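I have placed the structure first, in the form of C-alpha coordinates, so that the comments after it can refer back to it.
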Amino acid sequence: MATLNVTCTTTASGLTSDVISSVVAKSANITTGGIQRVSITAEEASKAVLLDASTFPTYATTKSTYVYIKNAGPLEIRLSFLNVTANDQNAEVSLASGDWMLFPWRSAIDITVYQFGGSGTGIVEYGVFN
Amino acid sequence: MANVNHTLTLTSSDLTTDPISLTILNTIAGATKGGMSRIPLATTAIAGATVLATAAQWPTAGAKCWFYNPATFNGSAATDIITVSFDETADHVVLKGGDWAIIPWMGNVNSVPKNIEAFGSSGAMTIEFGIFQ
(Lines give C-alpha, C1' and ligand atoms only; values in the text may rest on other atoms or scores of the structure.)
Protein backbone atom coordinates (compact mmCIF):
# COMPACT_ATOMS: atom_id res chain seq x y z
CA MET A 1 0.00 0.00 0.00
CA ALA A 2 1.24 3.46 -0.92
CA THR A 3 -0.05 6.99 -0.52
CA LEU A 4 -0.91 9.38 -3.32
CA ASN A 5 -1.25 13.06 -2.53
CA VAL A 6 -3.00 15.26 -5.07
CA THR A 7 -3.37 18.94 -4.36
CA CYS A 8 -4.98 21.62 -6.48
CA THR A 9 -4.21 25.26 -5.86
CA THR A 10 -6.37 27.84 -7.61
CA THR A 11 -5.60 31.54 -7.53
CA ALA A 12 -7.07 34.49 -9.36
CA SER A 13 -6.58 38.15 -8.70
CA GLY A 14 -8.70 40.68 -10.52
CA LEU A 15 -11.39 38.31 -11.72
CA THR A 16 -13.82 38.97 -8.89
CA SER A 17 -13.84 41.62 -6.18
CA ASP A 18 -12.73 38.97 -3.75
CA VAL A 19 -9.34 37.45 -4.60
CA ILE A 20 -9.63 33.71 -5.19
CA SER A 21 -7.17 31.51 -3.35
CA SER A 22 -8.18 27.89 -2.91
CA VAL A 23 -6.16 24.86 -1.86
CA VAL A 24 -7.71 21.42 -1.79
CA ALA A 25 -5.73 18.29 -0.99
CA LYS A 26 -6.66 14.65 -1.28
CA SER A 27 -4.67 11.78 0.13
CA ALA A 28 -5.51 8.31 -1.17
CA ASN A 29 -4.32 4.80 -0.52
CA ILE A 30 -3.17 3.23 -3.77
CA THR A 31 -1.34 0.14 -4.94
CA THR A 32 -0.71 0.80 -8.62
CA GLY A 33 0.19 3.73 -10.85
CA GLY A 34 2.88 5.91 -12.31
CA ILE A 35 3.50 8.63 -14.88
CA GLN A 36 4.66 8.15 -18.42
CA ARG A 37 4.73 9.80 -21.83
CA VAL A 38 3.66 8.36 -25.14
CA SER A 39 3.78 9.73 -28.65
CA ILE A 40 0.67 9.76 -30.81
CA THR A 41 -0.03 10.28 -34.47
CA ALA A 42 -3.73 9.49 -34.33
CA GLU A 43 -6.25 11.74 -36.00
CA GLU A 44 -10.02 11.88 -35.64
CA ALA A 45 -10.67 9.14 -38.16
CA SER A 46 -8.34 6.74 -36.38
CA LYS A 47 -8.37 7.48 -32.66
CA ALA A 48 -5.83 5.79 -30.43
CA VAL A 49 -6.66 4.08 -27.15
CA LEU A 50 -4.79 5.87 -24.42
CA LEU A 51 -6.22 3.91 -21.49
CA ASP A 52 -7.70 0.45 -21.92
CA ALA A 53 -10.44 0.20 -19.30
CA SER A 54 -10.20 -3.58 -19.15
CA THR A 55 -6.72 -3.35 -17.68
CA PHE A 56 -7.79 -1.27 -14.67
CA PRO A 57 -9.84 -2.23 -11.60
CA THR A 58 -13.60 -2.12 -11.92
CA TYR A 59 -15.28 0.92 -10.40
CA ALA A 60 -16.09 0.55 -6.72
CA THR A 61 -17.57 2.93 -4.18
CA THR A 62 -14.73 2.23 -1.79
CA LYS A 63 -11.85 3.49 -3.92
CA SER A 64 -11.27 6.03 -6.69
CA THR A 65 -9.09 5.66 -9.75
CA TYR A 66 -7.39 8.97 -10.50
CA VAL A 67 -6.33 9.91 -13.99
CA TYR A 68 -3.94 12.73 -14.84
CA ILE A 69 -3.46 13.74 -18.47
CA LYS A 70 -1.27 16.48 -19.89
CA ASN A 71 -0.91 17.51 -23.50
CA ALA A 72 2.86 17.77 -23.89
CA GLY A 73 2.73 18.10 -27.67
CA PRO A 74 2.33 21.09 -29.97
CA LEU A 75 -1.23 20.48 -31.19
CA GLU A 76 -4.59 20.43 -29.45
CA ILE A 77 -5.69 16.93 -28.49
CA ARG A 78 -9.16 15.61 -27.88
CA LEU A 79 -10.03 12.88 -25.46
CA SER A 80 -13.09 10.75 -24.96
CA PHE A 81 -13.39 10.13 -21.26
CA LEU A 82 -17.07 10.49 -20.50
CA ASN A 83 -17.94 6.80 -20.53
CA VAL A 84 -19.34 7.09 -24.02
CA THR A 85 -18.52 4.59 -26.74
CA ALA A 86 -20.04 6.40 -29.70
CA ASN A 87 -17.84 8.36 -32.06
CA ASP A 88 -19.28 11.62 -30.79
CA GLN A 89 -17.51 14.92 -30.29
CA ASN A 90 -20.08 15.80 -27.65
CA ALA A 91 -18.43 13.24 -25.41
CA GLU A 92 -14.93 14.62 -25.84
CA VAL A 93 -12.89 17.25 -24.11
CA SER A 94 -10.13 19.36 -25.57
CA LEU A 95 -6.68 19.90 -24.10
CA ALA A 96 -4.62 22.70 -25.57
CA SER A 97 -0.85 22.36 -25.77
CA GLY A 98 0.56 22.41 -22.24
CA ASP A 99 -2.82 21.99 -20.58
CA TRP A 100 -3.66 19.27 -18.04
CA MET A 101 -6.64 17.68 -16.35
CA LEU A 102 -7.23 15.39 -13.40
CA PHE A 103 -10.37 13.48 -12.54
CA PRO A 104 -11.62 10.29 -10.88
CA TRP A 105 -12.19 7.77 -13.67
CA ARG A 106 -14.91 5.13 -13.60
CA SER A 107 -12.74 2.87 -15.80
CA ALA A 108 -15.77 1.52 -17.62
CA ILE A 109 -14.95 2.70 -21.13
CA ASP A 110 -11.58 3.20 -22.84
CA ILE A 111 -10.16 6.69 -23.05
CA THR A 112 -9.23 7.52 -26.61
CA VAL A 113 -7.08 10.34 -27.90
CA TYR A 114 -6.33 12.06 -31.17
CA GLN A 115 -4.79 15.26 -32.46
CA PHE A 116 -7.31 17.82 -33.54
CA GLY A 117 -6.89 20.08 -36.50
CA GLY A 118 -3.54 18.85 -37.65
CA SER A 119 -1.19 15.95 -38.13
CA GLY A 120 2.27 14.98 -37.00
CA THR A 121 3.55 13.54 -33.77
CA GLY A 122 2.06 14.59 -30.49
CA ILE A 123 3.08 13.75 -26.94
CA VAL A 124 0.70 12.82 -24.15
CA GLU A 125 1.78 12.55 -20.53
CA TYR A 126 -0.53 10.57 -18.32
CA GLY A 127 -0.81 8.77 -15.04
CA VAL A 128 -3.37 6.37 -13.60
CA PHE A 129 -3.47 5.66 -9.88
CA ASN A 130 -5.64 3.15 -8.07
CA MET B 1 -9.00 40.80 -17.11
CA ALA B 2 -7.22 38.39 -14.81
CA ASN B 3 -4.98 35.40 -14.81
CA VAL B 4 -6.42 32.26 -13.25
CA ASN B 5 -3.76 29.82 -12.10
CA HIS B 6 -4.38 26.15 -11.42
CA THR B 7 -1.44 24.28 -9.94
CA LEU B 8 -1.45 20.52 -9.63
CA THR B 9 0.87 18.93 -7.11
CA LEU B 10 1.01 15.16 -7.27
CA THR B 11 3.35 13.22 -5.01
CA SER B 12 3.94 9.70 -3.80
CA SER B 13 7.04 8.66 -1.95
CA ASP B 14 6.29 4.96 -1.67
CA LEU B 15 4.48 3.85 -4.81
CA THR B 16 7.47 3.34 -7.08
CA THR B 17 11.18 3.00 -6.42
CA ASP B 18 11.58 6.48 -7.85
CA PRO B 19 9.45 8.86 -5.77
CA ILE B 20 6.86 10.76 -7.76
CA SER B 21 6.88 14.51 -7.39
CA LEU B 22 5.04 16.47 -10.00
CA THR B 23 4.04 20.13 -10.03
CA ILE B 24 2.31 21.66 -13.03
CA LEU B 25 0.92 25.13 -13.49
CA ASN B 26 -1.78 26.01 -15.96
CA THR B 27 -2.76 29.62 -16.49
CA ILE B 28 -5.86 30.99 -18.11
CA ALA B 29 -4.53 34.32 -19.31
CA GLY B 30 -6.91 37.22 -19.57
CA ALA B 31 -9.87 35.50 -17.94
CA THR B 32 -12.95 37.66 -18.01
CA LYS B 33 -15.57 35.60 -16.23
CA GLY B 34 -15.93 32.90 -13.62
CA GLY B 35 -15.69 32.21 -9.92
CA MET B 36 -16.12 29.53 -7.26
CA SER B 37 -19.11 28.72 -5.10
CA ARG B 38 -20.78 25.97 -3.14
CA ILE B 39 -24.04 24.80 -4.63
CA PRO B 40 -26.69 22.63 -2.94
CA LEU B 41 -27.77 19.66 -5.03
CA ALA B 42 -31.48 19.28 -5.47
CA THR B 43 -31.87 15.64 -6.40
CA THR B 44 -30.43 12.16 -6.11
CA ALA B 45 -30.92 11.35 -9.80
CA ILE B 46 -30.20 12.93 -13.17
CA ALA B 47 -33.87 13.88 -13.57
CA GLY B 48 -34.10 17.39 -12.19
CA ALA B 49 -30.39 17.54 -11.43
CA THR B 50 -28.90 20.89 -10.50
CA VAL B 51 -27.44 22.92 -13.35
CA LEU B 52 -23.91 24.03 -12.51
CA ALA B 53 -23.15 25.84 -15.76
CA THR B 54 -25.18 26.52 -18.85
CA ALA B 55 -24.01 26.01 -22.39
CA ALA B 56 -25.48 29.37 -23.28
CA GLN B 57 -23.13 31.14 -20.88
CA TRP B 58 -20.06 29.06 -21.74
CA PRO B 59 -20.40 28.07 -25.40
CA THR B 60 -16.82 28.22 -26.61
CA ALA B 61 -13.63 26.28 -25.96
CA GLY B 62 -11.27 27.33 -23.22
CA ALA B 63 -13.39 27.15 -20.08
CA LYS B 64 -11.92 25.25 -17.15
CA CYS B 65 -14.18 23.56 -14.61
CA TRP B 66 -13.32 22.79 -11.02
CA PHE B 67 -15.32 20.26 -9.02
CA TYR B 68 -14.90 19.38 -5.38
CA ASN B 69 -16.97 17.11 -3.17
CA PRO B 70 -16.52 18.40 0.40
CA ALA B 71 -18.34 15.45 1.97
CA THR B 72 -16.48 13.06 4.24
CA PHE B 73 -15.46 9.86 2.46
CA ASN B 74 -17.50 6.94 3.79
CA GLY B 75 -16.58 4.08 1.44
CA SER B 76 -19.06 1.27 1.03
CA ALA B 77 -21.92 3.25 2.57
CA ALA B 78 -21.77 5.29 -0.65
CA THR B 79 -23.76 8.19 0.73
CA ASP B 80 -20.93 10.59 -0.06
CA ILE B 81 -20.97 10.48 -3.87
CA ILE B 82 -21.63 13.30 -6.32
CA THR B 83 -22.22 12.49 -9.96
CA VAL B 84 -21.56 15.03 -12.70
CA SER B 85 -23.06 14.91 -16.18
CA PHE B 86 -21.80 16.84 -19.17
CA ASP B 87 -24.72 15.99 -21.43
CA GLU B 88 -27.72 16.26 -19.07
CA THR B 89 -28.29 12.52 -19.45
CA ALA B 90 -25.45 10.17 -18.61
CA ASP B 91 -23.36 9.77 -15.45
CA HIS B 92 -19.87 10.86 -16.38
CA VAL B 93 -17.63 11.81 -13.48
CA VAL B 94 -18.15 10.39 -10.00
CA LEU B 95 -16.66 12.25 -7.05
CA LYS B 96 -16.42 10.43 -3.76
CA GLY B 97 -16.05 12.38 -0.55
CA GLY B 98 -12.94 14.56 -0.73
CA ASP B 99 -12.38 13.98 -4.45
CA TRP B 100 -11.77 16.86 -6.82
CA ALA B 101 -11.40 17.25 -10.57
CA ILE B 102 -10.31 19.81 -13.11
CA ILE B 103 -11.75 19.35 -16.56
CA PRO B 104 -11.74 21.62 -19.61
CA TRP B 105 -15.15 22.20 -21.14
CA MET B 106 -17.08 23.94 -23.85
CA GLY B 107 -20.83 24.01 -23.84
CA ASN B 108 -21.34 23.78 -27.58
CA VAL B 109 -19.10 20.95 -28.71
CA ASN B 110 -20.12 20.10 -32.22
CA SER B 111 -22.75 22.87 -32.00
CA VAL B 112 -24.96 20.89 -29.61
CA PRO B 113 -25.52 22.90 -26.42
CA LYS B 114 -25.34 20.87 -23.20
CA ASN B 115 -25.35 22.08 -19.61
CA ILE B 116 -23.25 20.66 -16.80
CA GLU B 117 -25.45 19.11 -14.13
CA ALA B 118 -24.86 17.29 -10.86
CA PHE B 119 -26.71 15.25 -8.27
CA GLY B 120 -25.83 13.58 -4.99
CA SER B 121 -26.20 10.02 -3.72
CA SER B 122 -28.07 11.21 -0.67
CA GLY B 123 -30.12 14.22 0.27
CA ALA B 124 -28.73 17.64 1.16
CA MET B 125 -25.36 17.26 -0.55
CA THR B 126 -23.29 20.22 -1.67
CA ILE B 127 -20.72 20.56 -4.44
CA GLU B 128 -18.03 23.19 -4.72
CA PHE B 129 -17.91 24.28 -8.31
CA GLY B 130 -15.75 26.74 -10.16
CA ILE B 131 -15.60 27.72 -13.78
CA PHE B 132 -13.21 30.14 -15.45
CA GLN B 133 -12.68 31.47 -18.93
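Residues are referred to by chain and number: the chain letter is A, B, ... according to the order shown in the C-alpha coordinates, the number counts from 1 in that chain, and ligands are numbered separately from 1 in the order shown.
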Closest atom pairs, chain A residues within 8 Å of chain B, only C-alpha atoms, as JSON lines:
{"residue": "A:Met1", "atom": "CA", "partner": "B:Leu15", "partner_atom": "CA", "distance": 7.6}
{"residue": "A:Ala2", "atom": "CA", "partner": "B:Leu15", "partner_atom": "CA", "distance": 5.1}
{"residue": "A:Thr3", "atom": "CA", "partner": "B:Ser12", "partner_atom": "CA", "distance": 5.8}
{"residue": "A:Leu4", "atom": "CA", "partner": "B:Ser12", "partner_atom": "CA", "distance": 4.9}
{"residue": "A:Asn5", "atom": "CA", "partner": "B:Thr11", "partner_atom": "CA", "distance": 5.2}
{"residue": "A:Val6", "atom": "CA", "partner": "B:Leu10", "partner_atom": "CA", "distance": 4.6}
{"residue": "A:Thr7", "atom": "CA", "partner": "B:Thr9", "partner_atom": "CA", "distance": 5.0}
{"residue": "A:Cys8", "atom": "CA", "partner": "B:Leu8", "partner_atom": "CA", "distance": 4.9}
{"residue": "A:Thr9", "atom": "CA", "partner": "B:Thr7", "partner_atom": "CA", "distance": 5.0}
{"residue": "A:Thr10", "atom": "CA", "partner": "B:His6", "partner_atom": "CA", "distance": 4.6}
{"residue": "A:Thr11", "atom": "CA", "partner": "B:Asn5", "partner_atom": "CA", "distance": 5.2}
{"residue": "A:Ala12", "atom": "CA", "partner": "B:Val4", "partner_atom": "CA", "distance": 4.5}
{"residue": "A:Ser13", "atom": "CA", "partner": "B:Ala2", "partner_atom": "CA", "distance": 6.1}
{"residue": "A:Gly14", "atom": "CA", "partner": "B:Ala2", "partner_atom": "CA", "distance": 5.1}
{"residue": "A:Leu15", "atom": "CA", "partner": "B:Ala2", "partner_atom": "CA", "distance": 5.2}
{"residue": "A:Thr16", "atom": "CA", "partner": "B:Gly35", "partner_atom": "CA", "distance": 7.1}
{"residue": "A:Ile20", "atom": "CA", "partner": "B:Gly35", "partner_atom": "CA", "distance": 7.8}
{"residue": "A:Val24", "atom": "CA", "partner": "B:Trp100", "partner_atom": "CA", "distance": 7.9}
{"residue": "A:Lys26", "atom": "CA", "partner": "B:Gly98", "partner_atom": "CA", "distance": 6.3}
{"residue": "A:Ile30", "atom": "CA", "partner": "B:Leu15", "partner_atom": "CA", "distance": 7.7}
{"residue": "A:Thr31", "atom": "CA", "partner": "B:Leu15", "partner_atom": "CA", "distance": 6.9}
{"residue": "A:Thr32", "atom": "CA", "partner": "B:Leu15", "partner_atom": "CA", "distance": 7.1}
{"residue": "A:Gly33", "atom": "CA", "partner": "B:Leu15", "partner_atom": "CA", "distance": 7.4}
{"residue": "A:Gly34", "atom": "CA", "partner": "B:Thr16", "partner_atom": "CA", "distance": 7.4}
{"residue": "A:Thr61", "atom": "CA", "partner": "B:Ser76", "partner_atom": "CA", "distance": 5.7}
{"residue": "A:Thr62", "atom": "CA", "partner": "B:Gly75", "partner_atom": "CA", "distance": 4.2}
{"residue": "A:Lys63", "atom": "CA", "partner": "B:Gly75", "partner_atom": "CA", "distance": 7.2}
{"residue": "A:Ser64", "atom": "CA", "partner": "B:Lys96", "partner_atom": "CA", "distance": 7.4}
{"residue": "A:Leu82", "atom": "CA", "partner": "B:His92", "partner_atom": "CA", "distance": 5.0}
{"residue": "A:Asn83", "atom": "CA", "partner": "B:His92", "partner_atom": "CA", "distance": 6.1}
{"residue": "A:Gln89", "atom": "CA", "partner": "B:Asn110", "partner_atom": "CA", "distance": 6.1}
{"residue": "A:Asn90", "atom": "CA", "partner": "B:Val109", "partner_atom": "CA", "distance": 5.4}
{"residue": "A:Ala91", "atom": "CA", "partner": "B:Asp87", "partner_atom": "CA", "distance": 7.9}
{"residue": "A:Val93", "atom": "CA", "partner": "B:Trp105", "partner_atom": "CA", "distance": 6.2}
{"residue": "A:Ser94", "atom": "CA", "partner": "B:Pro104", "partner_atom": "CA", "distance": 6.6}
{"residue": "A:Leu95", "atom": "CA", "partner": "B:Pro104", "partner_atom": "CA", "distance": 7.0}
{"residue": "A:Gly98", "atom": "CA", "partner": "B:Asn26", "partner_atom": "CA", "distance": 7.6}
{"residue": "A:Asp99", "atom": "CA", "partner": "B:Asn26", "partner_atom": "CA", "distance": 6.2}
{"residue": "A:Trp100", "atom": "CA", "partner": "B:Asn26", "partner_atom": "CA", "distance": 7.3}
{"residue": "A:Met101", "atom": "CA", "partner": "B:Ile102", "partner_atom": "CA", "distance": 5.3}
{"residue": "A:Leu102", "atom": "CA", "partner": "B:Ala101", "partner_atom": "CA", "distance": 5.4}
{"residue": "A:Phe103", "atom": "CA", "partner": "B:Ala101", "partner_atom": "CA", "distance": 4.4}
{"residue": "A:Pro104", "atom": "CA", "partner": "B:Val94", "partner_atom": "CA", "distance": 6.6}
{"residue": "A:Trp105", "atom": "CA", "partner": "B:Val93", "partner_atom": "CA", "distance": 6.8}
{"residue": "A:Arg106", "atom": "CA", "partner": "B:Val94", "partner_atom": "CA", "distance": 7.2}
Going by DSSP on the backbone, which bits of range 2-133 of chain B are helix (DSSP H, G or I)? Write them as a PyMOL selection string, please.
-> chain B and resi 75-77+109-111
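Atom to atom, CA of Ile39 in chain B and CA of Tyr59 in chain A stand 26.1 Å apart.
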Have a look at CA of Ala28 in chain A and CA of Arg38 in chain B and let me know their distance in Å, one decimal.
-> 23.4 Å
Could you give me, as a ChimeraX atom specification, each residue of range 7-125 of chain B that DSSP assigns to strand (DSSP E) when run on this structure's backbone?
-> /B:7-12,20-31,34-40,50-53,63-68,82-85,93-95,100-105,116-120
Could you save the residues just selected, with N, CA and C atoms, as a short mmCIF file (atom, residue, chain, number, x, y, z; two decimals), in the first residue's frame?
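The resulting file, result.cif, is shown below:
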data_model
loop_
_atom_site.label_atom_id
_atom_site.label_comp_id
_atom_site.auth_asym_id
_atom_site.auth_seq_id
_atom_site.Cartn_x
_atom_site.Cartn_y
_atom_site.Cartn_z
N THR B 7 -2.68 25.03 -10.14
CA THR B 7 -1.44 24.28 -9.94
C THR B 7 -1.77 22.90 -9.39
N LEU B 8 -1.31 21.90 -10.09
CA LEU B 8 -1.45 20.52 -9.63
C LEU B 8 -0.16 20.07 -8.98
N THR B 9 -0.27 19.55 -7.77
CA THR B 9 0.87 18.93 -7.11
C THR B 9 0.51 17.48 -6.84
N LEU B 10 1.29 16.59 -7.38
CA LEU B 10 1.01 15.16 -7.27
C LEU B 10 2.27 14.48 -6.75
N THR B 11 2.17 13.85 -5.60
CA THR B 11 3.35 13.22 -5.01
C THR B 11 3.01 11.84 -4.46
N SER B 12 4.01 10.99 -4.49
CA SER B 12 3.94 9.70 -3.80
C SER B 12 5.37 9.25 -3.54
N ILE B 20 7.55 9.89 -6.81
CA ILE B 20 6.86 10.76 -7.76
C ILE B 20 6.66 12.13 -7.13
N SER B 21 7.06 13.14 -7.87
CA SER B 21 6.88 14.51 -7.39
C SER B 21 6.66 15.41 -8.59
N LEU B 22 5.43 15.76 -8.80
CA LEU B 22 5.04 16.47 -10.00
C LEU B 22 4.33 17.76 -9.62
N THR B 23 4.74 18.86 -10.23
CA THR B 23 4.04 20.13 -10.03
C THR B 23 3.85 20.78 -11.40
N ILE B 24 2.62 21.08 -11.73
CA ILE B 24 2.31 21.66 -13.03
C ILE B 24 1.39 22.85 -12.86
N LEU B 25 1.73 23.92 -13.52
CA LEU B 25 0.92 25.13 -13.49
C LEU B 25 0.21 25.28 -14.83
N ASN B 26 -1.06 25.62 -14.76
CA ASN B 26 -1.78 26.01 -15.96
C ASN B 26 -2.42 27.37 -15.71
N THR B 27 -2.23 28.26 -16.65
CA THR B 27 -2.76 29.62 -16.49
C THR B 27 -3.76 29.94 -17.58
N ILE B 28 -4.91 30.43 -17.16
CA ILE B 28 -5.86 30.99 -18.11
C ILE B 28 -5.55 32.49 -18.15
N ALA B 29 -4.94 32.92 -19.22
CA ALA B 29 -4.53 34.32 -19.31
C ALA B 29 -5.70 35.19 -19.78
N GLY B 30 -5.88 36.29 -19.13
CA GLY B 30 -6.91 37.22 -19.57
C GLY B 30 -8.32 36.72 -19.34
N ALA B 31 -8.52 35.99 -18.25
CA ALA B 31 -9.87 35.50 -17.94
C ALA B 31 -10.80 36.67 -17.67
N GLY B 34 -16.07 34.11 -14.39
CA GLY B 34 -15.93 32.90 -13.62
C GLY B 34 -15.92 33.16 -12.13
N GLY B 35 -15.72 32.12 -11.37
CA GLY B 35 -15.69 32.21 -9.92
C GLY B 35 -15.92 30.83 -9.31
N MET B 36 -15.92 30.78 -7.99
CA MET B 36 -16.12 29.53 -7.26
C MET B 36 -17.25 29.71 -6.26
N SER B 37 -18.03 28.65 -6.09
CA SER B 37 -19.11 28.72 -5.10
C SER B 37 -19.52 27.31 -4.69
N ARG B 38 -20.19 27.24 -3.56
CA ARG B 38 -20.78 25.97 -3.14
C ARG B 38 -22.25 25.97 -3.51
N ILE B 39 -22.69 24.86 -4.07
CA ILE B 39 -24.04 24.80 -4.63
C ILE B 39 -24.76 23.58 -4.04
N PRO B 40 -25.93 23.78 -3.44
CA PRO B 40 -26.69 22.63 -2.94
C PRO B 40 -27.26 21.83 -4.10
N THR B 50 -29.23 19.47 -10.61
CA THR B 50 -28.90 20.89 -10.50
C THR B 50 -27.96 21.32 -11.62
N VAL B 51 -28.30 22.39 -12.28
CA VAL B 51 -27.44 22.92 -13.35
C VAL B 51 -26.30 23.72 -12.71
N LEU B 52 -25.08 23.32 -13.03
CA LEU B 52 -23.91 24.03 -12.51
C LEU B 52 -23.46 25.13 -13.46
N ALA B 53 -23.54 24.85 -14.75
CA ALA B 53 -23.15 25.84 -15.76
C ALA B 53 -23.97 25.59 -17.01
N ALA B 63 -12.94 27.09 -21.47
CA ALA B 63 -13.39 27.15 -20.08
C ALA B 63 -12.76 26.00 -19.28
N LYS B 64 -12.50 26.28 -18.02
CA LYS B 64 -11.92 25.25 -17.15
C LYS B 64 -12.86 25.09 -15.95
N CYS B 65 -13.24 23.84 -15.69
CA CYS B 65 -14.18 23.56 -14.61
C CYS B 65 -13.47 22.91 -13.44
N TRP B 66 -13.86 23.31 -12.27
CA TRP B 66 -13.32 22.79 -11.02
C TRP B 66 -14.46 22.17 -10.23
N PHE B 67 -14.30 20.94 -9.80
CA PHE B 67 -15.32 20.26 -9.02
C PHE B 67 -14.69 19.73 -7.74
N TYR B 68 -15.40 19.90 -6.65
CA TYR B 68 -14.90 19.38 -5.38
C TYR B 68 -16.07 18.89 -4.53
N ILE B 82 -21.02 12.33 -5.42
CA ILE B 82 -21.63 13.30 -6.32
C ILE B 82 -21.33 12.87 -7.75
N THR B 83 -22.36 12.86 -8.56
CA THR B 83 -22.22 12.49 -9.96
C THR B 83 -22.42 13.72 -10.84
N VAL B 84 -21.52 13.89 -11.80
CA VAL B 84 -21.56 15.03 -12.70
C VAL B 84 -21.84 14.53 -14.11
N SER B 85 -22.73 15.24 -14.79
CA SER B 85 -23.06 14.91 -16.18
C SER B 85 -22.74 16.09 -17.08
N VAL B 93 -18.71 11.77 -14.47
CA VAL B 93 -17.63 11.81 -13.48
C VAL B 93 -18.24 11.61 -12.09
N VAL B 94 -17.65 10.71 -11.34
CA VAL B 94 -18.15 10.39 -10.00
C VAL B 94 -17.12 10.84 -8.98
N LEU B 95 -17.54 11.72 -8.09
CA LEU B 95 -16.66 12.25 -7.05
C LEU B 95 -17.06 11.68 -5.71
N TRP B 100 -11.64 15.66 -6.00
CA TRP B 100 -11.77 16.86 -6.82
C TRP B 100 -11.37 16.54 -8.25
N ALA B 101 -11.74 17.43 -9.16
CA ALA B 101 -11.40 17.25 -10.57
C ALA B 101 -11.27 18.60 -11.23
N ILE B 102 -10.39 18.65 -12.22
CA ILE B 102 -10.31 19.81 -13.11
C ILE B 102 -10.45 19.29 -14.53
N ILE B 103 -11.42 19.85 -15.23
CA ILE B 103 -11.75 19.35 -16.56
C ILE B 103 -12.04 20.53 -17.48
N PRO B 104 -11.40 20.57 -18.65
CA PRO B 104 -11.74 21.62 -19.61
C PRO B 104 -13.11 21.34 -20.23
N TRP B 105 -13.78 22.40 -20.66
CA TRP B 105 -15.15 22.20 -21.14
C TRP B 105 -15.55 23.30 -22.10
N ILE B 116 -23.85 21.55 -17.80
CA ILE B 116 -23.25 20.66 -16.80
C ILE B 116 -24.22 20.56 -15.63
N GLU B 117 -24.52 19.34 -15.23
CA GLU B 117 -25.45 19.11 -14.13
C GLU B 117 -24.84 18.15 -13.12
N ALA B 118 -25.38 18.18 -11.91
CA ALA B 118 -24.86 17.29 -10.86
C ALA B 118 -25.98 16.89 -9.91
N PHE B 119 -25.79 15.71 -9.31
CA PHE B 119 -26.71 15.25 -8.27
C PHE B 119 -25.93 14.42 -7.26
N GLY B 120 -26.51 14.30 -6.06
CA GLY B 120 -25.83 13.58 -4.99
C GLY B 120 -26.42 12.19 -4.77
#
Pick from A:Thr112, A:Thr65, A:Thr41, A:Asn29 nearest to Arg78 in chain A, counting only C-alpha atoms | A:Thr112
